[in-house]
Every structure is written in C-alpha cells, then in structure tokens.
>>> print(open('my_file_4.txt').read())   # compact mmCIF, C-alpha atoms
# COMPACT_ATOMS: atom_id res chain seq x y z
CA MET K 1 39.83 17.68 54.17
CA ALA K 2 36.71 19.84 53.89
CA THR K 3 37.87 20.94 50.44
CA THR K 4 38.29 17.32 49.30
CA THR K 5 34.84 16.32 50.56
CA GLN K 6 33.32 19.35 48.88
CA SER K 7 35.09 18.45 45.61
CA VAL K 8 33.88 14.85 45.81
CA ARG K 9 30.31 16.06 46.42
CA ARG K 10 30.48 18.44 43.44
CA GLY K 11 31.92 15.67 41.27
CA ALA K 12 29.20 13.26 42.36
CA LEU K 13 26.53 15.90 41.82
CA LEU K 14 27.93 16.67 38.36
CA ALA K 15 28.08 12.96 37.48
CA SER K 16 24.45 12.49 38.63
CA ALA K 17 23.30 15.47 36.61
CA LEU K 18 25.07 14.17 33.49
CA ALA K 19 23.58 10.69 33.98
CA ALA K 20 20.09 12.17 34.36
CA LEU K 21 20.58 14.34 31.28
CA GLY K 22 21.78 11.30 29.33
CA SER K 23 18.68 9.33 30.38
CA LEU K 24 16.37 12.13 29.32
CA THR K 25 18.10 12.45 25.97
CA ALA K 26 17.90 8.70 25.39
CA CYS K 27 14.18 8.70 26.27
CA GLY K 28 13.55 11.52 23.83
CA THR K 29 15.42 9.67 21.07
CA ALA K 30 13.55 6.44 21.78
CA HIS K 31 10.22 8.32 21.73
CA ARG K 32 11.07 9.99 18.40
CA ALA K 33 12.08 6.65 16.90
CA GLU K 34 8.87 5.04 18.19
CA THR K 35 6.73 7.89 16.78
CA ALA K 36 8.46 7.67 13.40
CA ALA K 37 7.85 3.91 13.29
CA GLN K 38 4.12 4.47 13.90
CA GLN K 39 3.90 6.87 10.96
CA VAL K 40 5.46 4.45 8.45
CA PRO K 41 2.80 2.08 7.06
CA ALA K 42 3.49 -1.63 7.03
CA ALA K 43 5.01 -2.90 3.80
CA GLY K 44 2.34 -3.19 1.11
CA ALA K 45 -0.45 -1.78 3.29
CA GLY K 46 -2.22 1.17 1.72
CA ALA K 47 -0.21 1.15 -1.50
CA ARG K 48 -2.19 2.15 -4.59
CA CYS K 49 -4.27 -0.44 -6.38
CA HIS K 50 -2.94 -1.81 -9.66
CA THR K 51 -5.07 -2.84 -12.63
CA SER K 52 -4.20 -6.52 -12.09
CA GLU K 53 -5.69 -6.34 -8.56
CA LEU K 54 -9.06 -4.95 -9.63
CA ARG K 55 -12.24 -6.04 -11.39
CA ALA K 56 -14.42 -3.45 -13.13
CA SER K 57 -18.17 -3.43 -13.55
CA VAL K 58 -20.92 -0.97 -14.44
CA GLY K 59 -23.90 -0.84 -12.12
CA ARG K 60 -27.58 -0.36 -12.89
CA MET K 61 -28.62 2.83 -14.68
CA ASP K 62 -30.27 5.47 -12.53
CA PRO K 63 -32.18 7.71 -14.98
CA GLY K 64 -33.13 11.26 -14.17
CA ALA K 65 -34.49 14.26 -16.10
CA GLY K 66 -33.03 13.29 -19.48
CA GLN K 67 -29.82 11.99 -17.90
CA ARG K 68 -28.33 8.53 -17.74
CA ASN K 69 -26.31 7.84 -14.60
CA PHE K 70 -24.21 4.74 -13.93
CA PRO K 71 -21.83 3.72 -11.14
CA VAL K 72 -18.49 2.53 -12.53
CA VAL K 73 -17.27 0.12 -9.87
CA LEU K 74 -13.76 -1.16 -9.16
CA THR K 75 -13.49 -4.09 -6.74
CA ASN K 76 -10.29 -5.23 -5.05
CA VAL K 77 -9.80 -8.89 -6.04
CA SER K 78 -6.30 -9.14 -4.53
CA SER K 79 -5.36 -10.43 -1.09
CA ARG K 80 -3.92 -7.09 0.07
CA THR K 81 -5.42 -3.73 1.03
CA CYS K 82 -4.81 -1.00 -1.55
CA THR K 83 -5.97 2.55 -2.29
CA LEU K 84 -7.56 4.53 -5.11
CA HIS K 85 -7.29 8.30 -5.32
CA GLY K 86 -8.91 10.47 -7.95
CA TYR K 87 -10.82 9.71 -11.11
CA PRO K 88 -10.92 6.67 -13.34
CA GLY K 89 -10.01 6.90 -16.97
CA ALA K 90 -12.85 5.80 -19.23
CA ALA K 91 -13.54 5.39 -22.92
CA PHE K 92 -16.36 3.85 -24.92
CA VAL K 93 -15.06 1.57 -27.68
CA ASP K 94 -16.56 -0.35 -30.59
CA ALA K 95 -16.04 -4.08 -31.25
CA SER K 96 -12.67 -3.39 -32.95
CA GLY K 97 -11.43 -1.38 -29.95
CA ARG K 98 -11.73 2.03 -31.65
CA GLN K 99 -12.75 4.82 -29.26
CA LEU K 100 -16.20 6.32 -29.76
CA GLY K 101 -16.43 10.01 -28.87
CA PRO K 102 -14.08 12.09 -26.72
CA ASP K 103 -12.77 11.15 -23.28
CA PRO K 104 -15.21 11.88 -20.46
CA LYS K 105 -14.80 15.16 -18.58
CA ARG K 106 -14.08 15.23 -14.86
CA THR K 107 -16.75 16.69 -12.64
CA PRO K 108 -15.13 19.29 -10.36
CA GLY K 109 -14.60 18.08 -6.84
CA GLU K 110 -12.03 17.25 -4.23
CA PRO K 111 -10.97 13.60 -4.66
CA ALA K 112 -10.41 11.58 -1.51
CA THR K 113 -8.31 8.47 -1.04
CA VAL K 114 -10.46 5.33 -0.83
CA THR K 115 -8.93 2.35 0.96
CA LEU K 116 -10.04 -1.01 -0.41
CA ALA K 117 -9.65 -4.10 1.73
CA PRO K 118 -9.83 -7.36 -0.22
CA GLY K 119 -13.33 -7.75 -1.68
CA ARG K 120 -14.27 -4.07 -1.14
CA SER K 121 -15.30 -1.63 -3.88
CA ALA K 122 -15.16 2.01 -4.90
CA TRP K 123 -17.33 3.71 -7.48
CA ALA K 124 -17.26 6.76 -9.71
CA GLY K 125 -20.35 8.27 -11.32
CA LEU K 126 -20.63 8.21 -15.13
CA ARG K 127 -23.34 10.46 -16.55
CA TYR K 128 -24.45 11.86 -19.87
CA ALA K 129 -27.54 13.34 -21.49
CA ASP K 130 -29.78 10.72 -23.07
CA PRO K 131 -29.05 11.02 -26.83
CA GLU K 132 -32.76 10.56 -27.64
CA VAL K 133 -33.52 13.65 -25.55
CA SER K 134 -30.44 15.78 -26.32
CA GLY K 135 -30.25 15.12 -30.06
CA ALA K 136 -26.50 14.34 -29.82
CA HIS K 137 -24.93 12.02 -32.37
CA ALA K 138 -24.94 8.58 -30.82
CA ALA K 139 -23.29 5.20 -31.17
CA THR K 140 -23.69 1.89 -29.40
CA PRO K 141 -20.37 0.84 -27.84
CA ALA K 142 -19.30 -2.76 -27.40
CA ALA K 143 -17.40 -1.99 -24.20
CA LEU K 144 -16.33 0.62 -21.68
CA LEU K 145 -12.61 0.70 -20.93
CA VAL K 146 -11.93 1.69 -17.31
CA THR K 147 -8.42 2.65 -16.22
CA PRO K 148 -7.66 2.91 -12.49
CA PRO K 149 -5.94 6.11 -11.31
CA ASP K 150 -2.20 6.22 -12.04
CA GLU K 151 -2.38 3.07 -14.18
CA ARG K 152 -2.01 2.65 -17.94
CA LYS K 153 -3.69 -0.71 -18.54
CA PRO K 154 -7.52 -0.54 -18.69
CA LEU K 155 -10.11 -3.07 -17.64
CA LYS K 156 -12.76 -3.92 -20.25
CA VAL K 157 -16.43 -4.03 -19.30
CA ARG K 158 -19.05 -5.18 -21.81
CA TRP K 159 -21.48 -2.30 -22.49
CA THR K 160 -25.15 -3.34 -22.52
CA ALA K 161 -26.87 -0.01 -21.81
CA GLY K 162 -27.44 1.12 -25.40
CA GLU K 163 -26.45 4.29 -27.19
CA VAL K 164 -24.12 6.93 -25.80
CA PRO K 165 -23.46 10.46 -27.11
CA VAL K 166 -20.35 10.70 -29.29
CA GLY K 167 -20.68 14.09 -31.00
CA GLY K 168 -22.80 17.17 -31.55
CA ASN K 169 -24.77 19.12 -28.97
CA ALA K 170 -24.92 17.77 -25.44
CA SER K 171 -22.44 15.02 -26.24
CA SER K 172 -20.29 15.36 -23.13
CA VAL K 173 -19.85 12.43 -20.80
CA PHE K 174 -18.85 13.20 -17.21
CA LEU K 175 -17.09 11.25 -14.45
CA THR K 176 -16.92 11.89 -10.71
CA ALA K 177 -14.04 11.00 -8.38
CA PHE K 178 -14.07 7.66 -6.60
CA GLU K 179 -16.09 7.12 -3.43
CA ALA K 180 -16.25 4.08 -1.16
CA GLY K 181 -18.94 1.49 -1.94
CA SER K 182 -20.60 0.23 -5.09
CA GLY K 183 -22.89 3.12 -5.94
CA PRO K 184 -25.25 5.77 -4.67
>>> encode(input="my_file_4.txt", output="structure tokens")
Amino acid sequence: MATTTQSVRRGALLASALAALGSLTACGTAHRAETAAQQVPAAGAGARCHTSELRASVGRMDPGAGQRNFPVVLTNVSSRTCTLHGYPGAAFVDASGRQLGPDPKRTPGEPATVTLAPGRSAWAGLRYADPEVSGAHAATPAALLVTPPDERKPLKVRWTAGEVPVGGNASSVFLTAFEAGSGP
C-alpha cells in the first residue's frame, strides 16, 4: 500500500509540474504575441506620404551673405497621418515645363523621418548663390517642381522670387533633408 500511495503522490506531483510548466509556456507565448502586436503599426498609420496627400509651397526668402535661402514646405492635406523621409526632388522650370539648370545637389546630412499629422508640415532648405553676386548664368523660372521622397509625380509651385542660377560659376542649387515645421 505504501508503494501505491508513493506512486500516486509522484504521479500527482508530476502532473502538477507539467500543468505549471504548461501555464508558464502559455504565458510566455501570450506575452510574445502581445509584444509583437504592439510593434506593428495600425493600418495606414505612419505610412509614407503620397503626392496626392500633400500641398507644396515656398516660404519667404531669408537672404544672407550673397545667398538666397528658401524653405520648401510640404503640408499634409489628407485625413491620415503619414511620413516623409529624406530629401525632396526639385527642379526649376520655364512656362513650357522645360527644366532650367541642373537638379539641385543634396546637402550632406542624416535624414530623419518626419511624421505629419493632418494639417502639419515639413520643410527642406533650398539655397543658392545670388546670381547678381556670383556672376552665374541666370534665368527666371515660372515654377518650382517639388517631388516628395519616393514619389514620381511632382507638385508645381509658382516661382515669384526672381532669377536663379542655371549655369556657369557658382550655379549650384542645394537642398537639405526634411525637418518638421514650416521653416527655420
């Protein structure tokens, strides 16, 4: 009889240990599933901004030591939050849509992702040497085409700030990566 009682106790102890181990394993699985769910963003939240969801504008010129500096601003006009990461594409064009001068160069830097809630903006700096000071060949564009990162379709902004360098010495135009806000 003592052997049977001892066997029953061992069996019960083994069953309890297995049940406890099963509970711990289940808790760990539930915790991993919960953690994974927290890392997955909600559908549509934080996805990149598309051209159709943005409005482009060029802010007020901030002159400095023979330079012309402008904020190129993209504003989220959609009803969802989206992100921009990197540099805009940009090109000055004449009234017929022909590009004037080379593409702007990117200013070295480490781009950050900018999250735009509806109605919020991000800006990138556009700068070039004043053609009157630098002696570069100049032209007066009709518009600035601004292409959001990872998009192909540009937004057209009427250019009202006069001549820009399109060739010769000191004709480079530079762009910075996007930052939150509408300018410096």
>>> closest_residue(input="my_file_4.txt", among="K:Pro102, K:Pro148, K:Gly167, K:Pro141", to="K:Val72", atoms="only C-alpha atoms")
K:Pro148
>>> residues_near_point(input="my_file_4.txt", point="(-3.2, 0.2, 0.0)", cutoff="6 Å", atoms="all atoms listed in the file", output="PyMOL selection string")
chain K and resi 45-48+81-83
>>> residues_around(input="my_file_4.txt", residues="stretch 120-128 of chain K", least_positions_apart="5", cutoff="7 Å", atoms="only C-alpha atoms", output="list of chain:residue names")
K:Gln67, K:Arg68, K:Asn69, K:Phe70, K:Pro71, K:Val72, K:Val73, K:Leu74, K:Thr75, K:Asn76, K:Ser172, K:Val173, K:Phe174, K:Leu175, K:Thr176, K:Ala177, K:Phe178, K:Glu179, K:Ala180, K:Gly181, K:Ser182, K:Gly183
>>> closest_residue(input="my_file_4.txt", among="K:Val146, K:Met61, K:Val77, K:Leu116", to="K:Gly162", atoms="only C-alpha atoms")
K:Met61
>>> atom_distance(input="my_file_4.txt", atom1="atom CA of K:Trp159", atom2="atom CA of K:Ser171")
17.7 Å
>>> atom_distance(input="my_file_4.txt", atom1="atom CA of K:Gly66", atom2="atom CA of K:Leu155")
28.2 Å
>>> closest_residue(input="my_file_4.txt", among="K:Val157, K:Ala112, K:Val58, K:Val166", to="K:Ala142", atoms="only C-alpha atoms")
K:Val157
>>> atom_distance(input="my_file_4.txt", atom1="atom CA of K:Arg106", atom2="atom CA of K:Pro118")
27.3 Å
>>> residues_around(input="my_file_4.txt", residues="K:His137", least_positions_apart="2", cutoff="12 Å", atoms="all atoms listed in the file", output="mmCIF file with C-alpha atoms, in the coordinates of the input")
data_model
loop_
_atom_site.group_PDB
_atom_site.id
_atom_site.type_symbol
_atom_site.label_atom_id
_atom_site.label_comp_id
_atom_site.auth_asym_id
_atom_site.auth_seq_id
_atom_site.Cartn_x
_atom_site.Cartn_y
_atom_site.Cartn_z
ATOM 1 C CA LEU K 100 -16.200 6.320 -29.760
ATOM 2 C CA GLY K 101 -16.430 10.010 -28.870
ATOM 3 C CA ALA K 129 -27.540 13.340 -21.490
ATOM 4 C CA ASP K 130 -29.780 10.720 -23.070
ATOM 5 C CA PRO K 131 -29.050 11.020 -26.830
ATOM 6 C CA GLU K 132 -32.760 10.560 -27.640
ATOM 7 C CA VAL K 133 -33.520 13.650 -25.550
ATOM 8 C CA SER K 134 -30.440 15.780 -26.320
ATOM 9 C CA GLY K 135 -30.250 15.120 -30.060
ATOM 10 C CA ALA K 139 -23.290 5.200 -31.170
ATOM 11 C CA THR K 140 -23.690 1.890 -29.400
ATOM 12 C CA GLU K 163 -26.450 4.290 -27.190
ATOM 13 C CA VAL K 164 -24.120 6.930 -25.800
ATOM 14 C CA PRO K 165 -23.460 10.460 -27.110
ATOM 15 C CA VAL K 166 -20.350 10.700 -29.290
ATOM 16 C CA GLY K 167 -20.680 14.090 -31.000
ATOM 17 C CA GLY K 168 -22.800 17.170 -31.550
ATOM 18 C CA ASN K 169 -24.770 19.120 -28.970
ATOM 19 C CA ALA K 170 -24.920 17.770 -25.440
ATOM 20 C CA SER K 171 -22.440 15.020 -26.240
ATOM 21 C CA SER K 172 -20.290 15.360 -23.130
#
>>> closest_residue(input="my_file_4.txt", among="K:Gly59, K:Gly64, K:Pro154, K:Pro184", to="K:Phe92", atoms="only C-alpha atoms")
K:Pro154
>>> closest_residue(input="my_file_4.txt", among="K:Ala143, K:Arg158, K:Thr51, K:Pro111", to="K:Ser78", atoms="all atoms listed in the file")
K:Thr51
>>> axis_aligned_box(input="my_file_4.txt", around="stretch 159-177 of chain K", padding_each_side="8 Å", output="JSON")
{"center_x": -20.7, "center_y": 7.9, "center_z": -20.0, "size_x": 29.4, "size_y": 38.5, "size_z": 39.2}
>>> closest_residue(input="my_file_4.txt", among="K:Ala65, K:Ser79, K:Ala138, K:Leu145", to="K:Pro104", atoms="only C-alpha atoms")
K:Leu145
